[in-house]
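Raw contents of query25.txt, compact mmCIF, C-alpha atoms:
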```txt
# COMPACT_ATOMS: atom_id res chain seq x y z
CA MET I 1 -31.14 50.16 -7.58
CA SER I 2 -31.79 51.71 -10.93
CA VAL I 3 -30.57 52.20 -14.45
CA ARG I 4 -29.00 55.63 -14.85
CA ASP I 5 -27.90 57.73 -17.82
CA ILE I 6 -24.35 57.12 -19.00
CA ARG I 7 -22.25 60.23 -19.55
CA LEU I 8 -20.85 60.60 -23.07
CA LEU I 9 -17.52 61.86 -24.36
CA GLY I 10 -17.39 65.61 -23.82
CA ASP I 11 -18.74 65.49 -20.27
CA PRO I 12 -16.01 66.97 -18.03
CA VAL I 13 -16.48 64.28 -15.34
CA LEU I 14 -14.95 61.75 -17.77
CA ARG I 15 -11.72 63.76 -17.83
CA THR I 16 -11.48 64.28 -14.07
CA VAL I 17 -9.41 62.14 -11.68
CA ALA I 18 -11.97 60.52 -9.36
CA ASP I 19 -11.78 60.90 -5.59
CA PRO I 20 -10.90 57.92 -3.37
CA VAL I 21 -13.80 56.37 -1.49
CA ALA I 22 -13.52 56.97 2.26
CA THR I 23 -17.04 56.13 3.43
CA PHE I 24 -18.36 52.58 2.96
CA ASP I 25 -22.07 52.96 3.62
CA ARG I 26 -25.50 52.25 2.17
CA GLU I 27 -25.13 55.10 -0.35
CA LEU I 28 -21.95 53.52 -1.71
CA ARG I 29 -23.65 50.13 -1.99
CA ARG I 30 -26.55 51.80 -3.84
CA LEU I 31 -24.03 53.33 -6.26
CA VAL I 32 -22.48 49.89 -6.85
CA ASP I 33 -25.96 48.44 -7.50
CA ASP I 34 -26.78 51.29 -9.90
CA LEU I 35 -23.49 50.72 -11.74
CA ALA I 36 -24.25 47.00 -12.07
CA ASP I 37 -27.85 47.60 -13.23
CA THR I 38 -26.79 50.25 -15.74
CA MET I 39 -23.89 48.13 -17.04
CA ARG I 40 -26.16 45.11 -17.59
CA ASP I 41 -28.89 47.24 -19.20
CA ALA I 42 -26.33 48.68 -21.65
CA SER I 43 -24.85 45.22 -22.37
CA GLY I 44 -21.47 46.38 -21.09
CA VAL I 45 -18.67 44.41 -19.45
CA GLY I 46 -17.59 47.25 -17.16
CA LEU I 47 -18.77 50.64 -15.94
CA ALA I 48 -17.03 53.26 -13.80
CA ALA I 49 -18.71 55.72 -11.43
CA PRO I 50 -17.58 58.78 -13.46
CA GLN I 51 -19.62 57.39 -16.36
CA LEU I 52 -22.69 57.97 -14.17
CA GLY I 53 -21.46 61.45 -13.23
CA VAL I 54 -20.07 60.40 -9.84
CA SER I 55 -16.40 61.23 -9.32
CA LEU I 56 -15.52 58.34 -7.03
CA ARG I 57 -13.01 55.50 -7.53
CA VAL I 58 -15.57 52.71 -8.05
CA PHE I 59 -16.34 50.41 -10.97
CA THR I 60 -18.25 47.24 -11.78
CA TYR I 61 -17.21 44.51 -14.20
CA LEU I 62 -18.26 41.11 -15.51
CA ASP I 63 -15.87 38.37 -14.45
CA ASP I 64 -14.91 35.28 -16.47
CA SER I 65 -18.07 33.46 -15.32
CA ASP I 66 -20.35 36.39 -16.30
CA GLU I 67 -20.91 37.40 -12.66
CA VAL I 68 -20.88 41.08 -11.71
CA GLY I 69 -18.00 42.17 -9.52
CA HIS I 70 -16.94 45.56 -8.28
CA LEU I 71 -13.76 47.21 -7.14
CA ILE I 72 -13.30 50.32 -5.04
CA ASN I 73 -10.07 52.33 -4.84
CA PRO I 74 -8.31 49.97 -7.29
CA VAL I 75 -4.57 49.77 -7.77
CA LEU I 76 -3.27 47.81 -10.76
CA GLY I 77 -0.05 45.86 -11.07
CA PRO I 78 1.96 43.99 -11.80
CA PHE I 79 1.17 43.74 -15.51
CA SER I 80 2.31 40.88 -17.71
CA GLU I 81 4.96 41.54 -20.32
CA GLU I 82 2.82 39.54 -22.75
CA MET I 83 0.53 41.83 -24.72
CA MET I 84 -2.81 41.26 -26.42
CA ASP I 85 -4.39 42.98 -29.38
CA GLY I 86 -8.12 43.37 -29.66
CA GLU I 87 -11.06 45.61 -30.20
CA GLU I 88 -12.08 47.87 -27.35
CA GLY I 89 -15.16 50.02 -26.97
CA CYS I 90 -16.72 52.19 -24.29
CA LEU I 91 -20.27 52.87 -23.15
CA SER I 92 -19.35 56.58 -23.13
CA LEU I 93 -18.55 56.35 -26.86
CA PRO I 94 -21.53 54.23 -27.96
CA GLY I 95 -21.24 52.18 -31.11
CA LEU I 96 -17.51 52.74 -31.58
CA ALA I 97 -14.67 50.24 -31.11
CA PHE I 98 -11.02 50.31 -32.11
CA ASP I 99 -8.02 48.00 -31.87
CA LEU I 100 -5.93 48.63 -28.76
CA ARG I 101 -2.92 46.74 -27.42
CA ARG I 102 -2.91 46.10 -23.65
CA PRO I 103 -1.12 43.74 -21.24
CA GLU I 104 -2.60 40.21 -21.34
CA ARG I 105 -2.73 39.87 -17.54
CA VAL I 106 -2.98 42.22 -14.59
CA LEU I 107 -3.47 42.02 -10.85
CA ALA I 108 -5.92 44.49 -9.29
CA VAL I 109 -6.24 45.16 -5.57
CA GLY I 110 -8.83 47.33 -3.88
CA GLN I 111 -11.85 47.02 -1.65
CA ASN I 112 -15.44 45.83 -1.83
CA SER I 113 -18.45 47.96 -0.87
CA HIS I 114 -17.96 47.09 2.82
CA GLY I 115 -14.30 48.17 2.81
CA ASP I 116 -12.88 44.63 2.85
CA PRO I 117 -9.73 43.96 0.79
CA VAL I 118 -10.25 42.41 -2.65
CA THR I 119 -7.76 41.01 -5.17
CA VAL I 120 -8.77 40.30 -8.76
CA GLU I 121 -6.46 38.55 -11.21
CA GLY I 122 -7.51 39.26 -14.77
CA SER I 123 -6.44 37.83 -18.08
CA GLY I 124 -7.80 38.40 -21.57
CA ILE I 125 -11.07 40.34 -21.59
CA LEU I 126 -11.08 40.73 -17.80
CA SER I 127 -7.58 42.21 -17.88
CA ARG I 128 -8.68 44.65 -20.59
CA CYS I 129 -11.75 45.57 -18.55
CA LEU I 130 -9.82 46.16 -15.30
CA GLN I 131 -7.37 48.42 -17.12
CA HIS I 132 -10.10 50.27 -19.05
CA GLU I 133 -12.24 50.97 -15.97
CA THR I 134 -9.27 52.05 -13.85
CA ASP I 135 -8.32 54.44 -16.65
CA HIS I 136 -11.80 55.99 -16.30
CA LEU I 137 -11.04 56.67 -12.64
CA ASP I 138 -7.90 58.54 -13.73
CA GLY I 139 -9.74 60.66 -16.33
CA ILE I 140 -8.31 58.62 -19.21
CA LEU I 141 -10.40 57.26 -22.08
CA PHE I 142 -9.30 54.31 -24.18
CA ILE I 143 -9.02 56.55 -27.25
CA ASP I 144 -6.16 58.34 -25.45
CA ARG I 145 -4.15 55.11 -25.67
CA LEU I 146 -4.66 54.50 -29.40
CA ASP I 147 -1.76 54.74 -31.82
CA LYS I 148 -1.65 57.92 -33.91
CA GLU I 149 -3.29 56.49 -37.04
CA THR I 150 -6.08 54.70 -35.16
CA LYS I 151 -6.71 57.77 -33.00
CA ARG I 152 -7.14 59.89 -36.13
CA ALA I 153 -9.77 57.41 -37.41
CA ALA I 154 -11.43 57.36 -33.98
CA MET I 155 -11.71 61.14 -33.82
CA LYS I 156 -13.29 61.19 -37.29
CA ALA I 157 -15.80 58.50 -36.22
CA ILE I 158 -16.58 60.45 -33.03
CA ARG I 159 -17.25 63.67 -34.97
CA GLU I 160 -19.61 61.73 -37.25
CA ALA I 161 -21.39 59.86 -34.43
CA GLU I 162 -25.04 60.71 -33.93
CA TRP I 163 -24.53 61.26 -30.18
CA SER I 164 -21.51 63.57 -30.45
CA ASN I 165 -23.54 66.76 -30.80
CA GLU I 166 -26.08 66.03 -28.08
CA PRO I 167 -26.20 68.60 -25.27
CA LYS I 168 -24.24 67.60 -22.17
CA PRO I 169 -26.16 67.25 -18.89
CA ALA I 170 -25.80 70.04 -16.36
CA VAL I 171 -23.53 69.25 -13.44
CA LYS I 172 -25.40 69.56 -10.16
CA VAL I 173 -23.83 69.72 -6.72
CA SER I 174 -25.03 66.89 -4.49
CA PRO I 175 -25.94 67.69 -0.90
CA HIS I 176 -24.73 64.22 0.13
CA PRO I 177 -21.12 64.16 1.37
CA LEU I 178 -20.43 60.85 -0.46
CA PHE I 179 -20.81 62.57 -3.77
CA GLY I 180 -18.54 65.35 -2.60
CA ARG I 181 -18.01 68.15 -5.00
CA GLY I 182 -20.90 67.24 -7.28
CA ARG I 183 -18.80 66.07 -10.19
```

Just dump the structure as structure tokens.
Amino acid sequence: MSVRDIRLLGDPVLRTVADPVATFDRELRRLVDDLADTMRDASGVGLAAPQLGVSLRVFTYLDDSDEVGHLINPVLGPFSEEMMDGEEGCLSLPGLAFDLRRPERVLAVGQNSHGDPVTVEGSGILSRCLQHETDHLDGILFIDRLDKETKRAAMKAIREAEWSNEPKPAVKVSPHPLFGRGR
């Protein structure tokens, strides 16, 4: 277990659809532990594997009782018709948050790190988190879902952010089959 660097906006892995997990082994459980450690260290409420440079369909989250959970190969739905407004941020866009409307409740199904089925019912912040992290697995960032005016303000804030001009880390191909194509 360790705290790892979080990839920032501009890193291609954040815009890539992550691969489904097929192997549930010790390496996968280490990835889940690293996600949890990194999320906690960054004071986040969720973190997806692509944010650590790993293109696999895995994320961690804080549940309603502040316990860390994880979901592998998530599928979302149904969504409530009731919507919620609120500020949303992302560890890959540090220091920035914008208002975003999302469904108030969602059901998420997937697997745990041993391959067992898991169902998570989220409302409020947990619903927002489940949707946000699943978006990461599809190469979507929350700024993609902003209305036109808010997105314009977000892009201006991103250009002015201290981190936006930092060099992006080199992508290295992993020899381990779990990490596949090295994304």

Query raised in the report: Nearest to Gly77 in chain I among I:His114, I:Arg105, I:Arg57, I:Lys148, with distances taken over only C-alpha atoms: which residue is it?
Result: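 Nearest candidate to Gly77 in chain I out of I:His114, I:Arg105, I:Arg57, I:Lys148: I:Arg105.
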
Just want the 12 Å neighbourhood of Leu14 in chain I, counted on all atoms listed in the file, with same-chain residues fewer than 6 positions away dropped. Output as an mmCIF file with C-alpha atoms, in the coordinates of the input.
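Once written, part.cif looks like this:
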```cif
data_model
loop_
_atom_site.group_PDB
_atom_site.id
_atom_site.type_symbol
_atom_site.label_atom_id
_atom_site.label_comp_id
_atom_site.auth_asym_id
_atom_site.auth_seq_id
_atom_site.Cartn_x
_atom_site.Cartn_y
_atom_site.Cartn_z
ATOM 1 C CA ILE I 6 -24.350 57.120 -19.000
ATOM 2 C CA ARG I 7 -22.250 60.230 -19.550
ATOM 3 C CA LEU I 8 -20.850 60.600 -23.070
ATOM 4 C CA LEU I 47 -18.770 50.640 -15.940
ATOM 5 C CA ALA I 48 -17.030 53.260 -13.800
ATOM 6 C CA ALA I 49 -18.710 55.720 -11.430
ATOM 7 C CA PRO I 50 -17.580 58.780 -13.460
ATOM 8 C CA GLN I 51 -19.620 57.390 -16.360
ATOM 9 C CA LEU I 52 -22.690 57.970 -14.170
ATOM 10 C CA GLY I 53 -21.460 61.450 -13.230
ATOM 11 C CA VAL I 54 -20.070 60.400 -9.840
ATOM 12 C CA SER I 55 -16.400 61.230 -9.320
ATOM 13 C CA LEU I 56 -15.520 58.340 -7.030
ATOM 14 C CA CYS I 90 -16.720 52.190 -24.290
ATOM 15 C CA LEU I 91 -20.270 52.870 -23.150
ATOM 16 C CA SER I 92 -19.350 56.580 -23.130
ATOM 17 C CA LEU I 93 -18.550 56.350 -26.860
ATOM 18 C CA GLU I 133 -12.240 50.970 -15.970
ATOM 19 C CA THR I 134 -9.270 52.050 -13.850
ATOM 20 C CA ASP I 135 -8.320 54.440 -16.650
ATOM 21 C CA HIS I 136 -11.800 55.990 -16.300
ATOM 22 C CA LEU I 137 -11.040 56.670 -12.640
ATOM 23 C CA ASP I 138 -7.900 58.540 -13.730
ATOM 24 C CA GLY I 139 -9.740 60.660 -16.330
ATOM 25 C CA ILE I 140 -8.310 58.620 -19.210
ATOM 26 C CA LEU I 141 -10.400 57.260 -22.080
ATOM 27 C CA PHE I 142 -9.300 54.310 -24.180
ATOM 28 C CA LYS I 168 -24.240 67.600 -22.170
ATOM 29 C CA ARG I 183 -18.800 66.070 -10.190
#
```

Query - CA of Leu9 in chain I to CA of Gly95 in chain I, straight-line distance in Å - result: 12.4 Å

Requested in this report: Write out as a PyMOL selection string which residues come within 7 Å of range 37-39 of chain I when counting all atoms listed in the file, dropping same-chain ones fewer than 5 positions away.
Outcome: chain I and resi 2-4+44-47

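Separating CA of Gly110 in chain I from CA of Leu96 in chain I is a distance of 29.5 Å.
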
Report task. Check the smallest atom-to-atom distance from each of I:Ser164, I:Gln111, I:Thr16, I:Ser127 to Asp85 in chain I using only C-alpha atoms, then report the winner. Result ->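 The answer is I:Ser127, which sits nearest to Asp85 in chain I.
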
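Close to (2.2, 41.4, -11.9), meaning no more than 6 Å away when counting all atoms listed in the file, sit the residues Gly77, Pro78, Phe79, Ser80, Val106 and Leu107 of chain I.
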
Requested in this report: Show me as a VMD selection string the residues that reach within 10 Å of (-12.3, 56.1, 2.3), counting only C-alpha atoms and using the file's own coordinates.
Outcome: chain I and resid 19 to 24 57 72 to 73 111 115 178

Query - Two-atom distance - CA of Glu81 in chain I, CA of Ser123 in chain I (Å) - result: 12.2 Å

If you take every atom of range 44-56 of chain I that the file lists and fit an axis-aligned box around them with 4 Å extra on each side, what centre and edge lengths come out in Å to one decimal, as AutoDock Vina command-line options?
```
--center_x -19.1 --center_y 52.9 --center_z -14.1 --size_x 15.2 --size_y 25.0 --size_z 22.1
```
